[in-house]
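Chemist: Input file: structure.cif. Contents: mmCIF, C-alpha atoms.
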```cif
data_structure
#
loop_
_atom_site.group_PDB
_atom_site.id
_atom_site.type_symbol
_atom_site.label_atom_id
_atom_site.label_comp_id
_atom_site.auth_asym_id
_atom_site.auth_seq_id
_atom_site.Cartn_x
_atom_site.Cartn_y
_atom_site.Cartn_z
ATOM 1 C CA MET E 1 32.548 -29.017 -22.235
ATOM 2 C CA PRO E 2 32.762 -26.825 -19.052
ATOM 3 C CA ASP E 3 31.254 -28.544 -16.033
ATOM 4 C CA GLN E 4 28.798 -26.990 -13.557
ATOM 5 C CA ASP E 5 31.542 -25.659 -11.256
ATOM 6 C CA GLU E 6 33.401 -24.065 -14.161
ATOM 7 C CA MET E 7 30.204 -22.389 -15.374
ATOM 8 C CA ASP E 8 29.422 -21.131 -11.861
ATOM 9 C CA GLY E 9 32.980 -19.811 -11.570
ATOM 10 C CA LEU E 10 32.624 -18.047 -14.906
ATOM 11 C CA PHE E 11 29.360 -16.412 -13.849
ATOM 12 C CA ALA E 12 30.873 -15.328 -10.513
ATOM 13 C CA MET E 13 33.817 -13.776 -12.353
ATOM 14 C CA ALA E 14 31.431 -11.913 -14.683
ATOM 15 C CA ARG E 15 29.408 -10.616 -11.703
ATOM 16 C CA ALA E 16 32.602 -9.280 -10.132
ATOM 17 C CA ARG E 17 33.513 -7.431 -13.354
ATOM 18 C CA ARG E 18 30.630 -5.012 -13.123
ATOM 19 C CA MET E 19 30.384 -2.341 -15.811
ATOM 20 C CA GLU E 20 31.033 0.855 -13.838
ATOM 21 C CA PRO E 21 29.089 3.945 -14.952
ATOM 22 C CA SER E 22 31.257 6.863 -16.022
ATOM 23 C CA PRO E 23 31.077 10.153 -14.076
ATOM 24 C CA ASP E 24 29.641 11.748 -17.231
ATOM 25 C CA LEU E 25 26.766 9.248 -17.355
ATOM 26 C CA MET E 26 25.980 9.763 -13.654
ATOM 27 C CA ALA E 27 26.030 13.536 -14.179
ATOM 28 C CA ARG E 28 23.562 13.239 -17.085
ATOM 29 C CA ILE E 29 21.242 11.021 -15.048
ATOM 30 C CA LEU E 30 21.281 13.371 -12.041
ATOM 31 C CA ALA E 31 20.689 16.359 -14.340
ATOM 32 C CA ASP E 32 17.602 14.542 -15.655
ATOM 33 C CA ALA E 33 16.469 13.953 -12.077
ATOM 34 C CA ALA E 34 16.824 17.643 -11.220
ATOM 35 C CA ALA E 35 15.013 18.722 -14.409
ATOM 36 C CA VAL E 36 12.056 16.412 -13.688
ATOM 37 C CA GLN E 37 11.899 17.780 -10.118
ATOM 38 C CA ARG E 38 11.830 21.381 -11.412
ATOM 39 C CA ARG E 39 9.021 20.593 -13.877
ATOM 40 C CA ALA E 40 6.988 18.967 -11.083
ATOM 41 C CA VAL E 41 6.811 22.232 -9.057
ATOM 42 C CA PRO E 42 4.084 24.092 -11.125
ATOM 43 C CA VAL E 43 1.757 21.113 -10.677
ATOM 44 C CA VAL E 44 1.570 21.928 -6.951
ATOM 45 C CA ALA E 45 0.878 25.662 -7.335
ATOM 46 C CA PRO E 46 -2.834 25.558 -8.422
ATOM 47 C CA LEU E 47 -3.672 23.422 -5.373
ATOM 48 C CA ALA E 48 -2.247 26.145 -3.130
ATOM 49 C CA VAL E 49 -4.435 28.756 -4.852
ATOM 50 C CA ARG E 50 -7.567 26.671 -4.397
ATOM 51 C CA ARG E 51 -6.921 26.338 -0.659
ATOM 52 C CA ARG E 52 -7.091 30.183 -0.044
ATOM 53 C CA GLY E 53 -10.902 30.285 0.437
ATOM 54 C CA TRP E 54 -13.909 32.051 -1.131
ATOM 55 C CA LEU E 55 -13.014 35.586 0.010
ATOM 56 C CA ALA E 56 -9.639 35.425 -1.693
ATOM 57 C CA GLY E 57 -11.335 34.025 -4.803
ATOM 58 C CA LEU E 58 -13.844 36.933 -4.809
ATOM 59 C CA ALA E 59 -11.026 39.437 -4.344
ATOM 60 C CA GLY E 60 -9.266 37.816 -7.296
ATOM 61 C CA VAL E 61 -12.270 38.582 -9.539
ATOM 62 C CA PHE E 62 -11.891 42.330 -8.735
ATOM 63 C CA GLY E 63 -8.130 42.312 -9.113
ATOM 64 C CA GLY E 64 -7.215 41.795 -5.476
ATOM 65 C CA PHE E 65 -8.340 43.015 -2.075
ATOM 66 C CA GLY E 66 -7.776 46.709 -3.086
ATOM 67 C CA GLY E 67 -10.251 46.379 -5.948
ATOM 68 C CA LEU E 68 -12.764 44.621 -3.725
ATOM 69 C CA ALA E 69 -12.558 47.496 -1.162
ATOM 70 C CA GLY E 70 -13.127 50.095 -3.924
ATOM 71 C CA VAL E 71 -16.218 48.289 -5.239
ATOM 72 C CA GLY E 72 -17.597 48.016 -1.675
ATOM 73 C CA GLY E 73 -16.991 51.739 -1.012
ATOM 74 C CA ALA E 74 -18.769 52.762 -4.226
ATOM 75 C CA ALA E 75 -21.781 50.637 -3.292
ATOM 76 C CA VAL E 76 -22.063 52.298 0.155
ATOM 77 C CA ALA E 77 -21.704 55.795 -1.374
ATOM 78 C CA GLY E 78 -24.553 55.036 -3.808
ATOM 79 C CA LEU E 79 -26.844 54.004 -0.985
ATOM 80 C CA VAL E 80 -26.067 57.194 0.986
ATOM 81 C CA LEU E 81 -26.760 59.429 -2.022
ATOM 82 C CA GLY E 82 -30.015 57.609 -2.650
ATOM 83 C CA PHE E 83 -31.301 58.229 0.872
ATOM 84 C CA VAL E 84 -30.010 61.779 1.411
ATOM 85 C CA GLN E 85 -30.675 63.132 -2.129
ATOM 86 C CA PRO E 86 -28.636 66.357 -1.638
ATOM 87 C CA ALA E 87 -29.671 69.474 -3.618
ATOM 88 C CA PRO E 88 -26.651 69.432 -5.992
ATOM 89 C CA VAL E 89 -27.631 65.957 -7.185
ATOM 90 C CA THR E 90 -31.210 67.031 -8.126
ATOM 91 C CA GLN E 91 -29.844 70.206 -9.790
ATOM 92 C CA VAL E 92 -27.448 68.160 -11.942
ATOM 93 C CA ALA E 93 -30.344 65.891 -12.937
ATOM 94 C CA ASP E 94 -32.407 68.989 -13.949
ATOM 95 C CA VAL E 95 -29.591 70.303 -16.180
ATOM 96 C CA LEU E 96 -28.521 67.023 -17.777
ATOM 97 C CA LEU E 97 -31.917 65.377 -18.246
ATOM 98 C CA GLY E 98 -34.050 68.560 -18.709
ATOM 99 C CA VAL E 99 -36.706 67.267 -16.351
ATOM 100 C CA GLN E 100 -37.805 68.300 -12.894
ATOM 101 C CA ALA E 101 -36.420 65.845 -10.375
ATOM 102 C CA VAL E 102 -38.757 65.151 -7.508
ATOM 103 C CA SER E 103 -37.346 64.413 -4.077
ATOM 104 C CA VAL E 104 -39.087 61.798 -2.020
ATOM 105 C CA ASP E 105 -38.527 61.279 1.708
ATOM 106 C CA LEU E 106 -38.043 57.592 2.191
ATOM 107 C CA VAL E 107 -37.275 57.941 5.886
ATOM 108 C CA PRO E 108 -40.206 59.194 8.030
ATOM 109 C CA THR E 109 -39.536 62.445 9.921
ATOM 110 C CA THR E 110 -40.814 63.436 13.375
ATOM 111 C CA GLU E 111 -43.385 65.780 11.661
ATOM 112 C CA THR E 112 -44.922 62.792 9.930
ATOM 113 C CA TRP E 113 -45.506 61.125 13.279
ATOM 114 C CA MET E 114 -46.791 64.335 14.879
ATOM 115 C CA THR E 115 -49.453 65.007 12.196
ATOM 116 C CA GLY E 116 -50.536 61.365 12.216
ATOM 117 C CA GLU E 117 -50.310 61.063 8.405
ATOM 118 C CA MET I 1 18.673 13.674 5.302
ATOM 119 C CA PRO I 2 22.114 12.667 6.718
ATOM 120 C CA ARG I 3 24.263 10.405 4.507
ATOM 121 C CA ASP I 4 24.630 7.777 7.250
ATOM 122 C CA ARG I 5 20.874 7.284 7.325
ATOM 123 C CA ILE I 6 19.984 7.584 3.661
ATOM 124 C CA ASP I 7 21.902 4.442 2.719
ATOM 125 C CA GLU I 8 19.708 2.446 5.109
ATOM 126 C CA LEU I 9 16.513 3.357 3.253
ATOM 127 C CA THR I 10 14.784 1.090 0.743
ATOM 128 C CA ASP I 11 14.715 1.971 -2.948
ATOM 129 C CA GLU I 12 11.021 2.800 -2.626
ATOM 130 C CA ALA I 13 11.610 5.140 0.326
ATOM 131 C CA LEU I 14 14.355 6.898 -1.647
ATOM 132 C CA LEU I 15 12.023 7.306 -4.623
ATOM 133 C CA ALA I 16 9.362 8.849 -2.347
ATOM 134 C CA LEU I 17 11.948 11.260 -0.918
ATOM 135 C CA TYR I 18 13.042 12.213 -4.436
ATOM 136 C CA ALA I 19 9.414 12.918 -5.376
ATOM 137 C CA GLN I 20 9.319 15.353 -2.418
ATOM 138 C CA GLY I 21 12.325 17.231 -3.796
ATOM 139 C CA ASP I 22 15.243 15.461 -2.071
ATOM 140 C CA GLY I 23 18.280 15.552 -4.384
ATOM 141 C CA ALA I 24 20.417 13.360 -2.106
ATOM 142 C CA ALA I 25 17.853 10.577 -2.438
ATOM 143 C CA ALA I 26 18.190 10.746 -6.234
ATOM 144 C CA ARG I 27 21.985 10.403 -5.962
ATOM 145 C CA GLU I 28 21.734 7.399 -3.631
ATOM 146 C CA LEU I 29 19.118 5.665 -5.792
ATOM 147 C CA ALA I 30 21.095 6.290 -8.986
ATOM 148 C CA GLY I 31 24.240 4.962 -7.278
ATOM 149 C CA ARG I 32 22.435 1.730 -6.472
ATOM 150 C CA LEU I 33 20.546 1.149 -9.717
ATOM 151 C CA VAL I 34 22.659 2.530 -12.565
ATOM 152 C CA PRO I 35 25.583 0.050 -12.291
ATOM 153 C CA ARG I 36 23.128 -2.859 -12.334
ATOM 154 C CA LEU I 37 21.046 -1.509 -15.216
ATOM 155 C CA LEU I 38 24.149 -0.574 -17.182
ATOM 156 C CA GLY I 39 25.687 -4.028 -16.655
ATOM 157 C CA TYR I 40 22.496 -5.759 -17.754
ATOM 158 C CA ALA I 41 22.036 -3.575 -20.846
ATOM 159 C CA GLY I 42 25.744 -3.928 -21.672
ATOM 160 C CA ARG I 43 25.622 -7.735 -21.607
ATOM 161 C CA VAL I 44 22.408 -7.853 -23.639
ATOM 162 C CA LEU I 45 23.337 -5.214 -26.227
ATOM 163 C CA GLY I 46 27.097 -5.776 -26.327
ATOM 164 C CA ASP I 47 27.674 -2.050 -26.809
ATOM 165 C CA ARG I 48 28.629 0.316 -24.010
ATOM 166 C CA THR I 49 27.370 3.504 -25.669
ATOM 167 C CA GLU I 50 23.965 2.001 -26.353
ATOM 168 C CA ALA I 51 23.865 0.528 -22.858
ATOM 169 C CA GLU I 52 24.520 3.979 -21.360
ATOM 170 C CA ASP I 53 21.680 5.467 -23.435
ATOM 171 C CA VAL I 54 19.344 2.720 -22.250
ATOM 172 C CA ALA I 55 20.336 3.135 -18.588
ATOM 173 C CA GLN I 56 19.816 6.914 -18.802
ATOM 174 C CA GLU I 57 16.407 6.508 -20.460
ATOM 175 C CA ALA I 58 15.306 3.929 -17.869
ATOM 176 C CA MET I 59 16.308 6.254 -15.020
ATOM 177 C CA LEU I 60 14.533 9.181 -16.690
ATOM 178 C CA ARG I 61 11.331 7.116 -16.803
ATOM 179 C CA LEU I 62 11.820 6.253 -13.139
ATOM 180 C CA TRP I 63 12.169 9.947 -12.194
ATOM 181 C CA ARG I 64 8.986 10.718 -14.123
ATOM 182 C CA ALA I 65 7.122 7.849 -12.443
ATOM 183 C CA ALA I 66 8.216 8.901 -8.942
ATOM 184 C CA ALA I 67 5.350 11.314 -8.225
ATOM 185 C CA GLY I 68 2.678 8.745 -9.074
ATOM 186 C CA TRP I 69 4.491 5.731 -7.603
ATOM 187 C CA ARG I 70 2.095 3.542 -5.608
ATOM 188 C CA ALA I 71 3.778 2.044 -2.543
ATOM 189 C CA GLY I 72 4.100 -1.740 -2.505
ATOM 190 C CA GLU I 73 2.835 -2.236 -6.051
ATOM 191 C CA ALA I 74 6.194 -3.088 -7.612
ATOM 192 C CA GLN I 75 9.823 -3.378 -6.570
ATOM 193 C CA VAL I 76 11.728 -0.368 -7.881
ATOM 194 C CA SER I 77 14.695 -2.376 -9.177
ATOM 195 C CA THR I 78 12.477 -4.972 -10.894
ATOM 196 C CA TRP I 79 10.452 -2.148 -12.487
ATOM 197 C CA ALA I 80 13.687 -0.612 -13.769
ATOM 198 C CA TYR I 81 14.954 -3.970 -15.105
ATOM 199 C CA ARG I 82 11.653 -4.305 -16.959
ATOM 200 C CA VAL I 83 12.089 -0.903 -18.594
ATOM 201 C CA VAL I 84 15.648 -1.826 -19.606
ATOM 202 C CA THR I 85 14.445 -5.176 -20.985
ATOM 203 C CA ASN I 86 11.865 -3.411 -23.173
ATOM 204 C CA LEU I 87 14.324 -0.763 -24.343
ATOM 205 C CA CYS I 88 16.926 -3.421 -25.205
ATOM 206 C CA THR I 89 14.326 -5.488 -27.071
ATOM 207 C CA ASP I 90 13.366 -2.429 -29.122
ATOM 208 C CA ARG I 91 16.996 -1.721 -29.992
ATOM 209 C CA LEU I 92 17.735 -5.338 -30.888
ATOM 210 C CA ARG I 93 14.711 -5.364 -33.202
ATOM 211 C CA GLN I 94 15.793 -2.116 -34.831
ATOM 212 C CA ARG I 95 19.309 -3.253 -35.595
ATOM 213 C CA GLY I 96 18.433 -6.893 -36.378
ATOM 214 C CA ARG I 97 20.823 -9.529 -35.200
ATOM 215 C CA ARG I 98 23.742 -7.928 -33.404
ATOM 216 C CA GLY I 99 27.359 -8.677 -34.162
ATOM 217 C CA PRO I 100 29.811 -10.242 -31.759
ATOM 218 C CA VAL I 101 30.940 -8.211 -28.760
ATOM 219 C CA GLY I 102 34.323 -6.575 -29.237
ATOM 220 C CA LEU I 103 36.929 -6.408 -26.495
ATOM 221 C CA ASP I 104 36.462 -2.624 -26.412
ATOM 222 C CA ASP I 105 32.930 -3.224 -25.133
ATOM 223 C CA ALA I 106 34.002 -5.556 -22.350
ATOM 224 C CA PRO I 107 33.292 -4.286 -18.848
ATOM 225 C CA GLU I 108 36.031 -2.373 -17.096
ATOM 226 C CA VAL I 109 37.948 -4.316 -14.466
ATOM 227 C CA ALA I 110 37.225 -2.790 -11.082
ATOM 228 C CA ASP I 111 40.001 -4.630 -9.221
ATOM 229 C CA GLY I 112 43.480 -4.184 -10.639
ATOM 230 C CA ALA I 113 45.201 -6.144 -7.876
ATOM 231 C CA ALA I 114 45.282 -9.410 -9.798
ATOM 232 C CA GLY I 115 48.540 -10.402 -11.402
ATOM 233 C CA ALA I 116 49.152 -9.707 -15.068
ATOM 234 C CA GLU I 117 48.840 -13.347 -16.124
ATOM 235 C CA ALA I 118 45.716 -13.946 -14.054
ATOM 236 C CA GLY I 119 44.279 -10.721 -15.457
ATOM 237 C CA LEU I 120 44.882 -11.896 -19.011
ATOM 238 C CA ILE I 121 43.239 -15.249 -18.317
ATOM 239 C CA GLU I 122 40.277 -13.462 -16.744
ATOM 240 C CA ALA I 123 39.999 -11.078 -19.678
ATOM 241 C CA ASP I 124 40.136 -14.030 -22.099
ATOM 242 C CA ARG I 125 37.420 -15.836 -20.175
ATOM 243 C CA MET I 126 35.180 -12.770 -20.135
ATOM 244 C CA ALA I 127 35.731 -12.225 -23.850
ATOM 245 C CA ALA I 128 34.813 -15.873 -24.497
ATOM 246 C CA LEU I 129 31.719 -15.531 -22.300
ATOM 247 C CA ASP I 130 30.626 -12.326 -24.042
ATOM 248 C CA ALA I 131 31.159 -13.886 -27.469
ATOM 249 C CA ALA I 132 29.124 -16.943 -26.469
ATOM 250 C CA LEU I 133 26.368 -14.745 -24.987
ATOM 251 C CA ALA I 134 26.182 -12.910 -28.301
ATOM 252 C CA GLU I 135 25.360 -16.200 -30.034
ATOM 253 C CA LEU I 136 22.280 -16.841 -27.876
ATOM 254 C CA PRO I 137 18.760 -15.844 -28.982
ATOM 255 C CA ASP I 138 17.805 -12.439 -27.512
ATOM 256 C CA ARG I 139 15.240 -13.690 -24.963
ATOM 257 C CA GLN I 140 17.517 -16.489 -23.749
ATOM 258 C CA ARG I 141 20.356 -14.027 -23.348
ATOM 259 C CA GLN I 142 18.160 -11.610 -21.353
ATOM 260 C CA ALA I 143 16.928 -14.384 -19.052
ATOM 261 C CA LEU I 144 20.395 -15.840 -18.507
ATOM 262 C CA VAL I 145 21.995 -12.478 -17.736
ATOM 263 C CA LEU I 146 19.224 -11.566 -15.286
ATOM 264 C CA ARG I 147 19.471 -14.967 -13.541
ATOM 265 C CA HIS I 148 23.193 -15.725 -13.445
ATOM 266 C CA LEU I 149 24.899 -12.331 -13.819
ATOM 267 C CA GLU I 150 22.428 -9.968 -12.149
ATOM 268 C CA GLY I 151 21.253 -12.489 -9.555
ATOM 269 C CA LEU I 152 17.495 -11.953 -9.889
ATOM 270 C CA SER I 153 15.077 -14.625 -8.706
ATOM 271 C CA ASN I 154 12.815 -16.372 -11.217
ATOM 272 C CA PRO I 155 9.677 -14.421 -10.108
ATOM 273 C CA GLU I 156 11.633 -11.165 -10.479
ATOM 274 C CA ILE I 157 12.774 -12.181 -13.968
ATOM 275 C CA ALA I 158 9.184 -13.116 -14.845
ATOM 276 C CA GLU I 159 8.093 -9.602 -13.902
ATOM 277 C CA ALA I 160 11.009 -7.952 -15.689
ATOM 278 C CA MET I 161 10.399 -9.920 -18.885
ATOM 279 C CA ASP I 162 6.588 -9.929 -18.619
ATOM 280 C CA ILE I 163 6.346 -13.724 -18.854
ATOM 281 C CA GLY I 164 5.409 -16.555 -16.480
ATOM 282 C CA VAL I 165 7.785 -18.162 -14.000
ATOM 283 C CA GLU I 166 7.671 -21.480 -15.895
ATOM 284 C CA ALA I 167 8.678 -19.702 -19.087
ATOM 285 C CA VAL I 168 11.618 -18.183 -17.196
ATOM 286 C CA GLU I 169 12.739 -21.595 -15.968
ATOM 287 C CA SER I 170 12.540 -22.964 -19.500
ATOM 288 C CA LEU I 171 14.396 -19.987 -21.002
ATOM 289 C CA THR I 172 17.228 -20.012 -18.465
ATOM 290 C CA ALA I 173 17.677 -23.799 -18.711
ATOM 291 C CA ARG I 174 17.873 -23.700 -22.513
ATOM 292 C CA ALA I 175 20.143 -20.662 -22.404
ATOM 293 C CA LYS I 176 22.550 -22.315 -19.982
ATOM 294 C CA ARG I 177 22.707 -25.513 -22.049
ATOM 295 C CA ALA I 178 23.338 -23.539 -25.216
ATOM 296 C CA LEU I 179 25.970 -21.379 -23.527
ATOM 297 C CA THR I 180 27.773 -24.431 -22.145
ATOM 298 C CA ALA I 181 27.825 -25.979 -25.599
ATOM 299 C CA LEU I 182 29.129 -22.768 -27.172
ATOM 300 C CA LEU I 183 31.882 -22.483 -24.553
ATOM 301 C CA ALA I 184 32.902 -26.105 -25.131
ATOM 302 C CA GLY I 185 34.544 -24.976 -28.337
ATOM 303 C CA ARG I 186 36.453 -22.262 -26.502
ATOM 304 C CA ARG I 187 38.108 -24.269 -23.726
ATOM 305 C CA GLY I 188 41.500 -22.965 -24.757
ATOM 306 C CA ALA I 189 40.367 -19.358 -24.367
ATOM 307 C CA LEU I 190 38.761 -20.230 -21.046
ATOM 308 C CA GLY I 191 42.061 -21.652 -19.752
ATOM 309 C CA TYR I 192 40.478 -24.937 -18.619
ATOM 310 C CA GLY I 193 42.601 -27.112 -20.852
ATOM 311 C CA GLU I 194 41.292 -29.563 -23.421
ATOM 312 C CA GLY I 195 39.247 -32.647 -22.705
ATOM 313 C CA ALA I 196 35.963 -33.519 -20.995
#
```
Hey, can you dump this file as C-alpha cells for me?

Modeler:
Amino acid sequence: MPDQDEMDGLFAMARARRMEPSPDLMARILADAAAVQRRAVPVVAPLAVRRRGWLAGLAGVFGGFGGLAGVGGAAVAGLVLGFVQPAPVTQVADVLLGVQAVSVDLVPTTETWMTGE
Amino acid sequence: MPRDRIDELTDEALLALYAQGDGAAARELAGRLVPRLLGYAGRVLGDRTEAEDVAQEAMLRLWRAAAGWRAGEAQVSTWAYRVVTNLCTDRLRQRGRRGPVGLDDAPEVADGAAGAEAGLIEADRMAALDAALAELPDRQRQALVLRHLEGLSNPEIAEAMDIGVEAVESLTARAKRALTALLAGRRGALGYGEGA
C-alpha cells in the first residue's frame, strides 16, 4: 500500500500536470464574455433617458423640441386673435356659421375712462 | 488598463472591471480560472470534452453574474468551483456511473523536459491515479480533487460543495483511505515496487 509520502508525491505530480485549455476553448469563453457585455448595454440606456429632466420629457410627448415650439406658437396666436378680433375673423364666422358675430372689447380704451362708464 | 498592472488585481476587481466593459479584465480572469476549473471538471468527469463544456458554462454564468456581483460576499474562484461542482453532479447523474478514464482523457503534459523513461513512469502513475479516482463515489472524488489536486482549504470546499466543514473532513479522509487502498493493487503501475 502506498505510504503517506508516496501519496503526497502522487498528488504533487497530478497538480503539476494541469489540464491546459485549448486556444479554441479560450476563444469560445471570451466570445461569451463579449456577447454578455454587448447585451448589458441596453440596460443602461433607459437610465440615461430618465436623467434628462422634465422639459425633455414634455418635449418628447410632442415629438421633440420642434413640436413643443409649434404647440407654444399656436397657443400664443390663439390668444392674440381672441383679444384683437380682426374684421376678417368675424366675417368668416358670419359666412360659415350664418350668425352675426358680436365683437366685445375686453381691453378698456381711453374713451371708456374719459366718459366714466 | 496596462497589462503590468492588471495581473496584480484580485479576481473580484477584475470581475468589476469586466462588468464596466473592460475586455482585458475578462481575458486575465479567464486565464486564471479556466485551467483550474477545467482540471477539476476533467478529474471529476474523466472526459475532456465534457469538462470543456462545463468550464465554458461556468464561465458564462460568471460573466452573467458580474453586473450584480456584491463585493466581499463570495470569493470568485470558490463561486466558480461551486458552479462546476453542481454542473458535474448533474452530468454524473444523467449518465449514471461513469466508466474508467481512458488515457486519451489524461491531462496534457505541460513540461516535456523529462526523460522518456521518467515520462512513461509519470504517465503510468497518472493513469493509475485517474483509474483509482474513477472508482471513488462521486462526492468523495469531488472532495478529494478539490483538496489534494486543486489545493482548496476545507472551508472553501465546504462552500463549493454546499456542505459543512466537518462533512468535508469526513469525505476527504474516507476518499484518501479508499484511494490508497485502490492504488495498493496498482503498485507495479505506480513504479513503487511490490511490498509494504

Chemist: For this file, the PyMOL selection byres ((chain I) within 8 of (chain E)) selects which residues, as a PyMOL selection string?

Modeler: chain I and resi 19+21+23+26-27+30+34-36+38-39+42+52+56+59-60+63-64+107-110+122+125-126+129+148-150+180-181+183-185+187+192+195-196

Chemist: Padding of 4 Å on every side, edges along x, y and z, all listed atoms of stretch 134-137 of chain I included: what centre and edge lengths in Å, to one decimal, does that box have, as JSON?

Modeler:
```
{"center_x": 22.5, "center_y": -14.9, "center_z": -29.0, "size_x": 15.4, "size_y": 11.9, "size_z": 10.2}
```

Chemist: Name the residues, using the chain letters and numbers of the file, that sit within 10 Å of (15.8, -5.3, -27.7) when counting all atoms listed in the file, and give them as a list in words.

Modeler: Ala41, Val44, Leu45, Val84, Thr85, Asn86, Leu87, Cys88, Thr89, Asp90, Arg91, Leu92, Arg93, Gln94, Arg95, Gly96, Arg97, Asp138, Arg139 and Gln142 of chain I

Chemist: Next, dump the selected residues to file, keeping only C-alpha atoms, as a compact mmCIF listing (two decimals), keeping the file's coordinate frame.

Modeler:
```txt
# COMPACT_ATOMS: atom_id res chain seq x y z
CA ALA I 41 22.04 -3.58 -20.85
CA VAL I 44 22.41 -7.85 -23.64
CA LEU I 45 23.34 -5.21 -26.23
CA VAL I 84 15.65 -1.83 -19.61
CA THR I 85 14.44 -5.18 -20.98
CA ASN I 86 11.86 -3.41 -23.17
CA LEU I 87 14.32 -0.76 -24.34
CA CYS I 88 16.93 -3.42 -25.20
CA THR I 89 14.33 -5.49 -27.07
CA ASP I 90 13.37 -2.43 -29.12
CA ARG I 91 17.00 -1.72 -29.99
CA LEU I 92 17.74 -5.34 -30.89
CA ARG I 93 14.71 -5.36 -33.20
CA GLN I 94 15.79 -2.12 -34.83
CA ARG I 95 19.31 -3.25 -35.60
CA GLY I 96 18.43 -6.89 -36.38
CA ARG I 97 20.82 -9.53 -35.20
CA ASP I 138 17.80 -12.44 -27.51
CA ARG I 139 15.24 -13.69 -24.96
CA GLN I 142 18.16 -11.61 -21.35
```

Chemist: So how far away is atom CA of I:Asn154 from atom CA of I:Glu166, in Å?

Modeler: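 These two atoms are separated by 8.6 Å.
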
Chemist: Just to confirm, what's the straight-line distance from atom CA of I:Leu37 to atom CA of I:Arg177 in Å (one decimal)?

Modeler: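 About the pair atom CA of I:Leu37 and atom CA of I:Arg177: they are 25.0 Å apart.
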
Chemist: I would like the residues chosen by the PyMOL selection byres ((chain I and resi 25) around 10) on the shown file; could you give them as a compact mmCIF listing (two decimals) with C-alpha atoms, in the coordinates of the input?

Modeler:
```txt
# COMPACT_ATOMS: atom_id res chain seq x y z
CA MET I 1 18.67 13.67 5.30
CA ARG I 3 24.26 10.40 4.51
CA ILE I 6 19.98 7.58 3.66
CA ASP I 7 21.90 4.44 2.72
CA LEU I 9 16.51 3.36 3.25
CA ASP I 11 14.72 1.97 -2.95
CA ALA I 13 11.61 5.14 0.33
CA LEU I 14 14.36 6.90 -1.65
CA LEU I 15 12.02 7.31 -4.62
CA ALA I 16 9.36 8.85 -2.35
CA LEU I 17 11.95 11.26 -0.92
CA TYR I 18 13.04 12.21 -4.44
CA ALA I 19 9.41 12.92 -5.38
CA GLN I 20 9.32 15.35 -2.42
CA GLY I 21 12.32 17.23 -3.80
CA ASP I 22 15.24 15.46 -2.07
CA GLY I 23 18.28 15.55 -4.38
CA ALA I 24 20.42 13.36 -2.11
CA ALA I 26 18.19 10.75 -6.23
CA ARG I 27 21.98 10.40 -5.96
CA GLU I 28 21.73 7.40 -3.63
CA LEU I 29 19.12 5.66 -5.79
CA ALA I 30 21.10 6.29 -8.99
CA GLY I 31 24.24 4.96 -7.28
```

Chemist: For a test of reading the model, state the distance in Å between atom CA of I:Leu62 and atom CA of I:Arg43, rounded to one decimal.

Modeler: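 Those two atoms sit 21.4 Å apart.
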